[in-house]
Amino acid sequence: LLNINVGGKLFQIAYKAAARYPVTRLGKLALYTDPMKKLQLCDDYSVQKNEYFFDRDPSIFHYIFHFYRSGVLWIMGEMCPSNFVEEIEYWGIHLKYSQCCCRILFEEKQDELSEYLKIQKELEAELEPLDSAEQFEGKFLGRFRKMIWNLIENPYSSVPAKIIAVMSSIFVLISIMGMTLSTVEEMKHKTGKMWMEQLEMICAIFFTSEYLMRLISSSSFKNFLRAAFNAVDLVAILPFYIQILFENMDEGDTLYHEELHKVENVSKLGKVLKLIKLMRIFRILKLARHSTGLRAFGFTMRQCYQQVCCLLLFIAMGVFTFSALMHSVEHDVPGTNFTSIPYAWWWAAVSLSTVGYGDTVPDTVLGRMVAFGCISFGIILNGMPISILYNKFSDFYAKLKAHENET
């Protein structure tokens, strides 16, 4: 018998049973005749007891011991996959010796653990600030830039920093409210328009100052440009200055161009200005910088993009399928709106989403049966990803909130 001492527990394995697997550590120990080679395979050897000592986990070695006796590697579900893989690799035993059912469950657990660790790593990167305090050491005006960085980026560092964070959110809401009121007919007269322009100018000055302070205080210009929040800040202030540029160009055209060409050019610039003004709606994304819920929502969408894309694929398949069915049963009805499959896409889309505006409805019995199938499919389809998205969102939100409270 081969006397094996693993972590203080003694096991006895027949030489013949160990030698059946010559590529494993104990198989080599049973086959080698050179004492020096045997000592290289174990951690220690007792001459008096004739025991080979291994400083490994004895609880997992029970499964290794069972493998040499039965030829089957059993895997218990409560074991840590990483620890188990490390142990069987040390003993030189391959996972292929396990039963198919055990191996499938074990590999699923490994994949879940890998996915969990990957998400944890990305979440830590999300929580990690763009610049740490140590990165300012030894740099030009390091103390001053560190002070500005804490003031702008870390609202929990001081009371003024918290005030600036609150002011930033207030200015975003004021800007969005101003953009909304500027579309009201009563606010389009001269006085109202002047007030809206002054409000927009004040908000733009604040956002520009905030962006420049972040740019000055950043320890790495490259990392600053790569940050998503900084890109949002840039998009929030660019429309104001582009609008001023186009308005100046418009004045130049009025002075120096012919009348007909001027009118055409003003029309084109007006369309461009409308598009640029619409870009101001992206300022609402600035709230995500100081909102735990919005950050958790964005992180959830990034982590669940496969499920979301799969859901969109199913919706597209449903729209095409039910619109084709509806057109085939309704196209002969006089006065029908289902004159072609593309015309039926809108009806299929709103029916799948269970909104059902009622602007387009089937007239035949077969058409109503198709509509019932479309609505039922939409209810089932919309209910599928809700639990996955909600569970992930609540988990990410709890972790972000815990980190915020800890900070």
# chains A, B, ... in the order shown; residues from 1 in each chain; ligands from 1

call {"tool": "select_by_dssp", "arguments": {"residues": "range 156-358 of chain A", "states": "alpha helix (DSSP H)", "output": "ChimeraX atom specification"}}
result
/A:159-181,190-217,221-226,228-256,259-278,292-303,305-330,341-352

call {"tool": "residues_around", "arguments": {"residues": "range 333-349 of chain A", "least_positions_apart": "6", "cutoff": "10 Å", "atoms": "only C-alpha atoms", "output": "PyMOL selection string"}}
result
chain A and resi 315-316+318-327+355-364+371+374-375+378

call {"tool": "write_last_selection", "arguments": {"atoms": "C-alpha atoms", "output": "PDB file, in the first residue's frame"}}
result
ATOM      1  CA  ILE A 315     -39.747  41.624 -31.785  1.00  0.00           C
ATOM      2  CA  ALA A 316     -38.537  42.071 -35.387  1.00  0.00           C
ATOM      3  CA  GLY A 318     -42.870  38.907 -34.633  1.00  0.00           C
ATOM      4  CA  VAL A 319     -43.483  42.145 -36.559  1.00  0.00           C
ATOM      5  CA  PHE A 320     -42.563  40.567 -39.897  1.00  0.00           C
ATOM      6  CA  THR A 321     -44.498  37.350 -39.213  1.00  0.00           C
ATOM      7  CA  PHE A 322     -47.772  38.841 -37.968  1.00  0.00           C
ATOM      8  CA  SER A 323     -47.768  41.703 -40.489  1.00  0.00           C
ATOM      9  CA  ALA A 324     -47.444  39.125 -43.300  1.00  0.00           C
ATOM     10  CA  LEU A 325     -50.273  37.034 -41.808  1.00  0.00           C
ATOM     11  CA  MET A 326     -52.503  40.068 -41.349  1.00  0.00           C
ATOM     12  CA  HIS A 327     -51.912  41.250 -44.913  1.00  0.00           C
ATOM     13  CA  VAL A 355     -50.046  49.381 -26.618  1.00  0.00           C
ATOM     14  CA  GLY A 356     -52.597  48.935 -29.422  1.00  0.00           C
ATOM     15  CA  TYR A 357     -53.475  52.476 -30.571  1.00  0.00           C
ATOM     16  CA  GLY A 358     -56.536  51.262 -32.460  1.00  0.00           C
ATOM     17  CA  ASP A 359     -55.795  53.448 -35.503  1.00  0.00           C
ATOM     18  CA  THR A 360     -55.623  50.287 -37.648  1.00  0.00           C
ATOM     19  CA  VAL A 361     -57.855  47.323 -36.817  1.00  0.00           C
ATOM     20  CA  PRO A 362     -58.757  44.083 -38.624  1.00  0.00           C
ATOM     21  CA  ASP A 363     -62.313  43.588 -39.974  1.00  0.00           C
ATOM     22  CA  THR A 364     -62.470  39.824 -40.568  1.00  0.00           C
ATOM     23  CA  ALA A 371     -54.400  40.024 -33.877  1.00  0.00           C
ATOM     24  CA  CYS A 374     -49.925  38.832 -32.028  1.00  0.00           C
ATOM     25  CA  ILE A 375     -51.011  40.418 -28.730  1.00  0.00           C
ATOM     26  CA  GLY A 378     -46.268  40.260 -27.274  1.00  0.00           C
TER      27      GLY A 378
END

call {"tool": "residues_around", "arguments": {"residues": "range 235-238 of chain A", "least_positions_apart": "5", "cutoff": "6 Å", "atoms": "only C-alpha atoms", "output": "list in words"}}
result
Ala204, Arg280 and Arg283 of chain A

call {"tool": "write_last_selection", "arguments": {"atoms": "C-alpha atoms", "output": "short mmCIF file (atom, residue, chain, number, x, y, z; two decimals), in the first residue's frame"}}
result
data_model
loop_
_atom_site.label_atom_id
_atom_site.label_comp_id
_atom_site.auth_asym_id
_atom_site.auth_seq_id
_atom_site.Cartn_x
_atom_site.Cartn_y
_atom_site.Cartn_z
CA ALA A 204 -23.86 77.36 -21.35
CA ARG A 280 -29.36 70.10 -26.16
CA ARG A 283 -27.85 67.49 -21.38
#

call {"tool": "residues_around", "arguments": {"residues": "range 172-175 of chain A", "least_positions_apart": "6", "cutoff": "8 Å", "atoms": "only C-alpha atoms", "output": "VMD selection string"}}
result
chain A and resid 199 to 200 203 283 to 284 286 to 287

call {"tool": "atom_distance", "arguments": {"atom1": "CA of Glu51 in chain A", "atom2": "CA of Leu2 in chain A"}}
result
7.7 Å

call {"tool": "atom_distance", "arguments": {"atom1": "CA of Asn230 in chain A", "atom2": "CA of Leu275 in chain A"}}
result
21.5 Å
